[in-house]
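Participant: I have a structure here, written as structure tokens, and I will follow up with some questions on it.
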Amino acid sequence: GAGVSQSPSNKVTEKGKDVELRCDPISGHTALYWYRQSLGQGLEFLIYFQGNSAPDKSGLPSDRFSAERTGGSVSTLTIQRTQQEDSAVYLCASSLGKGATEKLFFGSGTQLSVL
Amino acid sequence: GENVEQHPSTLSVQEGDSAVIKCTYSDSASNYFPWYKQELGKRPQLIIDIRSNVGEKKDQRIAVTLNKTAKHFSLHITETQPEDSAVYFCAANSLTGDNRLAFGKGNQVVVIP
């Protein structure tokens, strides 16, 4: 497709379960970002990939969160033992260049609801 | 790291009037300042950006001004239209190792017909 694709679009899970969110960036985009958007809040940075490498994982809110990217393309964000405070929209974005000075193309997000 | 704040959180304007949203940032080394628009239920999209080597940039009805000394930048929308109703996010780049764009919390702009 032409844009950033995220799946699933909606995910309802029970507290304590693990979830996996997927992001398929625009072909050829080397940079990939994960952001979290809670109701009425801004875009909270989670992690950034350049190729398959994540130079800094300090934005991840806890050790229950992890992310990986393979083949310089698809990325997955995994949340283990989900908590209610994890409920939010998880947005993925990709950009063509290397630095944080390029246009970000966002996916439509995954709405995560933890019951 | 970079900290970006936006004011006001909500702004209502009459159709045809101008809207101004201001952002402040903390890292004097930041050199890239984009604005993203998020309509209800849609993904954020870049509408305009400015780099630190210029003070103003204009694109039709929107403009962004940058004051590096005061560490603030503003979005100006003239002749507002109902389709301008959205949440607007400002951002600034962080030049530390994580290469992030730090976003503000967003401004809800409501254009009243």
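Labeling convention for the structure tokens: chains A, B, ... as they appear, residues from 1 per chain, ligands from 1 in order of appearance.
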Can you tell me, as number ranges by chain, what residues are no more than 9 Å from stretch 29-37 of chain B when counting only C-alpha atoms, ignoring any on the same chain fewer than 2 positions away?
Facilitator: A: 100-103; B: 2, 25-27, 39, 43-53, 64, 66, 73, 75, 84, 86-95, 101
Participant: Can I get the selected residues back with N, CA and C atoms, as a CSV table (one decimal), in the first residue's frame?
Facilitator:
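What landed in result-v9.csv:
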```
chain,number,residue,atom,x,y,z
A,100,ALA,N,15.5,13.3,13.0
A,100,ALA,CA,14.2,13.7,13.4
A,100,ALA,C,13.8,15.1,12.7
A,101,THR,N,14.3,15.3,11.5
A,101,THR,CA,13.9,16.5,10.8
A,101,THR,C,13.3,16.2,9.5
A,102,GLU,N,12.7,15.0,9.4
A,102,GLU,CA,12.0,14.6,8.2
A,102,GLU,C,10.5,14.5,8.5
A,103,LYS,N,9.7,14.6,7.4
A,103,LYS,CA,8.3,14.5,7.6
A,103,LYS,C,7.9,13.1,8.0
B,2,GLU,N,14.1,17.3,25.2
B,2,GLU,CA,13.3,18.4,24.8
B,2,GLU,C,11.9,18.3,25.4
B,25,TYR,N,9.6,25.7,23.6
B,25,TYR,CA,10.4,24.5,23.7
B,25,TYR,C,11.6,24.8,24.6
B,26,SER,N,12.3,23.8,25.1
B,26,SER,CA,13.3,24.0,26.1
B,26,SER,C,14.7,23.9,25.6
B,27,ASP,N,14.9,23.1,24.6
B,27,ASP,CA,16.3,22.8,24.1
B,27,ASP,C,16.7,23.8,23.1
B,39,GLU,N,-7.4,15.6,12.4
B,39,GLU,CA,-8.8,15.8,12.4
B,39,GLU,C,-9.4,14.6,13.2
B,43,ARG,N,-5.5,10.3,11.3
B,43,ARG,CA,-4.1,10.3,11.7
B,43,ARG,C,-3.5,11.7,11.6
B,44,PRO,N,-2.5,12.0,12.4
B,44,PRO,CA,-1.8,13.3,12.3
B,44,PRO,C,-1.2,13.4,11.0
B,45,GLN,N,-1.2,14.6,10.4
B,45,GLN,CA,-0.6,14.9,9.1
B,45,GLN,C,0.2,16.2,9.2
B,46,LEU,N,1.4,16.2,8.7
B,46,LEU,CA,2.2,17.4,8.6
B,46,LEU,C,1.5,18.5,7.8
B,47,ILE,N,1.4,19.7,8.3
B,47,ILE,CA,0.8,20.8,7.6
B,47,ILE,C,1.9,21.9,7.2
B,48,ILE,N,2.8,22.1,8.1
B,48,ILE,CA,3.9,23.1,7.8
B,48,ILE,C,5.0,22.8,8.8
B,49,ASP,N,6.2,23.2,8.4
B,49,ASP,CA,7.4,23.1,9.3
B,49,ASP,C,8.3,24.2,9.0
B,50,ILE,N,9.2,24.5,10.0
B,50,ILE,CA,10.2,25.6,9.9
B,50,ILE,C,11.5,25.1,10.5
B,51,ARG,N,12.6,25.5,9.9
B,51,ARG,CA,13.9,25.2,10.4
B,51,ARG,C,14.5,26.5,11.0
B,52,SER,N,15.5,26.3,11.8
B,52,SER,CA,16.0,27.4,12.6
B,52,SER,C,16.7,28.5,11.8
B,53,ASN,N,17.0,28.2,10.5
B,53,ASN,CA,17.7,29.3,9.8
B,53,ASN,C,16.7,30.3,9.1
B,64,VAL,N,4.0,29.9,9.9
B,64,VAL,CA,4.6,29.6,11.2
B,64,VAL,C,5.8,30.6,11.4
B,66,LEU,N,9.0,31.7,14.1
B,66,LEU,CA,10.0,31.2,15.0
B,66,LEU,C,10.8,32.3,15.7
B,73,PHE,N,7.6,29.2,19.0
B,73,PHE,CA,7.1,29.3,17.6
B,73,PHE,C,5.6,29.2,17.6
B,75,LEU,N,1.8,29.0,15.2
B,75,LEU,CA,1.1,28.7,14.0
B,75,LEU,C,0.0,29.8,13.8
B,84,ASP,N,-10.9,23.7,9.2
B,84,ASP,CA,-9.7,23.9,10.0
B,84,ASP,C,-9.9,23.4,11.4
B,86,ALA,N,-9.8,21.0,14.2
B,86,ALA,CA,-8.9,19.9,14.4
B,86,ALA,C,-8.1,20.1,15.7
B,87,VAL,N,-7.3,19.1,16.0
B,87,VAL,CA,-6.2,19.2,17.0
B,87,VAL,C,-4.9,19.5,16.3
B,88,TYR,N,-4.2,20.5,16.7
B,88,TYR,CA,-2.9,20.8,16.2
B,88,TYR,C,-1.8,20.5,17.2
B,89,PHE,N,-0.8,19.8,16.7
B,89,PHE,CA,0.3,19.5,17.5
B,89,PHE,C,1.6,20.2,17.0
B,90,CYS,N,2.3,20.8,17.9
B,90,CYS,CA,3.6,21.3,17.5
B,90,CYS,C,4.6,20.3,18.0
B,91,ALA,N,5.8,20.4,17.5
B,91,ALA,CA,6.9,19.5,17.9
B,91,ALA,C,8.2,20.2,17.6
B,92,ALA,N,9.2,19.6,18.3
B,92,ALA,CA,10.6,20.1,18.2
B,92,ALA,C,11.5,18.9,18.2
B,93,ASN,N,12.6,18.9,17.4
B,93,ASN,CA,13.5,17.8,17.4
B,93,ASN,C,14.4,17.8,18.6
B,94,SER,N,14.7,16.6,19.0
B,94,SER,CA,15.7,16.4,20.1
B,94,SER,C,17.0,16.0,19.5
B,95,LEU,N,18.1,16.6,19.9
B,95,LEU,CA,19.4,16.3,19.3
B,95,LEU,C,20.2,15.3,20.1
B,101,LEU,N,11.2,13.3,17.8
B,101,LEU,CA,10.4,14.5,17.7
B,101,LEU,C,9.6,14.6,19.0
```
Participant: Could you tell me which residues of chain A sit within 8 Å of chain B when counting only C-alpha atoms, and give me the result as JSON, numbers by chain?
Facilitator: {"A": [40, 41, 42, 43, 44, 45, 47, 48, 55, 56, 57, 99, 100, 101, 103, 104, 105, 106, 107, 108, 109]}
Participant: Quick one: write out the picked residues with N, CA and C atoms as a tab-separated table (two decimals), in the first residue's frame?
Facilitator:
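Okay, out22.tsv is ready:
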```
chain	number	residue	atom	x	y	z
A	40	GLY	N	-6.98	12.97	25.32
A	40	GLY	CA	-6.69	14.33	25.76
A	40	GLY	C	-5.22	14.63	25.97
A	41	GLN	N	-4.39	13.68	25.64
A	41	GLN	CA	-2.95	13.89	25.81
A	41	GLN	C	-2.28	14.03	24.46
A	42	GLY	N	-1.03	14.43	24.51
A	42	GLY	CA	-0.26	14.57	23.29
A	42	GLY	C	0.26	13.26	22.79
A	43	LEU	N	1.26	13.35	21.96
A	43	LEU	CA	1.89	12.17	21.38
A	43	LEU	C	3.13	11.83	22.20
A	44	GLU	N	3.03	10.75	22.95
A	44	GLU	CA	4.13	10.34	23.82
A	44	GLU	C	5.07	9.42	23.06
A	45	PHE	N	6.31	9.84	22.94
A	45	PHE	CA	7.30	9.05	22.22
A	45	PHE	C	7.61	7.77	22.97
A	47	ILE	N	9.58	4.77	21.11
A	47	ILE	CA	10.84	4.21	20.60
A	47	ILE	C	11.03	4.59	19.15
A	48	TYR	N	12.27	4.61	18.74
A	48	TYR	CA	12.64	4.97	17.37
A	48	TYR	C	13.59	3.91	16.83
A	55	PRO	N	18.35	2.92	18.81
A	55	PRO	CA	19.45	3.50	19.57
A	55	PRO	C	19.11	3.79	21.03
A	56	ASP	N	17.85	4.07	21.29
A	56	ASP	CA	17.48	4.45	22.64
A	56	ASP	C	16.08	3.92	22.95
A	57	LYS	N	15.99	3.11	23.98
A	57	LYS	CA	14.70	2.54	24.35
A	57	LYS	C	14.14	3.17	25.61
A	99	GLY	N	17.34	11.57	10.33
A	99	GLY	CA	17.20	12.38	11.51
A	99	GLY	C	15.75	12.71	11.82
A	100	ALA	N	15.54	13.34	12.95
A	100	ALA	CA	14.20	13.75	13.35
A	100	ALA	C	13.85	15.08	12.71
A	101	THR	N	14.25	15.28	11.47
A	101	THR	CA	13.94	16.52	10.76
A	101	THR	C	13.27	16.21	9.45
A	103	LYS	N	9.70	14.63	7.42
A	103	LYS	CA	8.25	14.51	7.55
A	103	LYS	C	7.91	13.09	8.03
A	104	LEU	N	7.08	13.03	9.06
A	104	LEU	CA	6.59	11.75	9.54
A	104	LEU	C	5.27	11.41	8.87
A	105	PHE	N	5.17	10.17	8.44
A	105	PHE	CA	3.92	9.67	7.88
A	105	PHE	C	3.35	8.71	8.92
A	106	PHE	N	2.18	9.05	9.44
A	106	PHE	CA	1.58	8.26	10.50
A	106	PHE	C	0.64	7.21	9.94
A	107	GLY	N	0.55	6.09	10.67
A	107	GLY	CA	-0.49	5.13	10.41
A	107	GLY	C	-1.77	5.58	11.10
A	108	SER	N	-2.83	4.82	10.93
A	108	SER	CA	-4.11	5.20	11.53
A	108	SER	C	-4.24	4.72	12.96
A	109	GLY	N	-3.25	4.00	13.44
A	109	GLY	CA	-3.19	3.65	14.85
A	109	GLY	C	-3.90	2.36	15.22
```
Participant: List as a PyMOL selection string the protein and nucleic acid residues near stretch 59-73 of chain A, meaning an atom at most 10 Å away when only C-alpha atoms are counted, but skip any in the same chain fewer than 6 places from it.
Facilitator: (chain A and resi 18-32+34-36+44-53+79-83+86+94) or (chain B and resi 98+100)
Participant: Go through chain B and collect every residue that DSSP, computed from the backbone, puts in strand (DSSP E); the answer should be as JSON, numbers by chain.
Facilitator: {"B": [4, 5, 6, 7, 10, 11, 12, 13, 14, 19, 20, 21, 22, 23, 24, 25, 32, 33, 34, 35, 36, 37, 38, 45, 46, 47, 48, 49, 50, 51, 56, 57, 58, 59, 62, 63, 64, 65, 66, 67, 72, 73, 74, 75, 76, 77, 86, 87, 88, 89, 90, 91, 92, 93, 101, 102, 103, 107, 108, 109, 110, 111, 112]}
Participant: Between B:Val4, B:Leu40, B:Ala19, B:Ala63, single out the one closest to B:Val111, counting only C-alpha atoms.
Facilitator: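 Among the listed residues, the smallest separation from B:Val111 belongs to B:Ala19.
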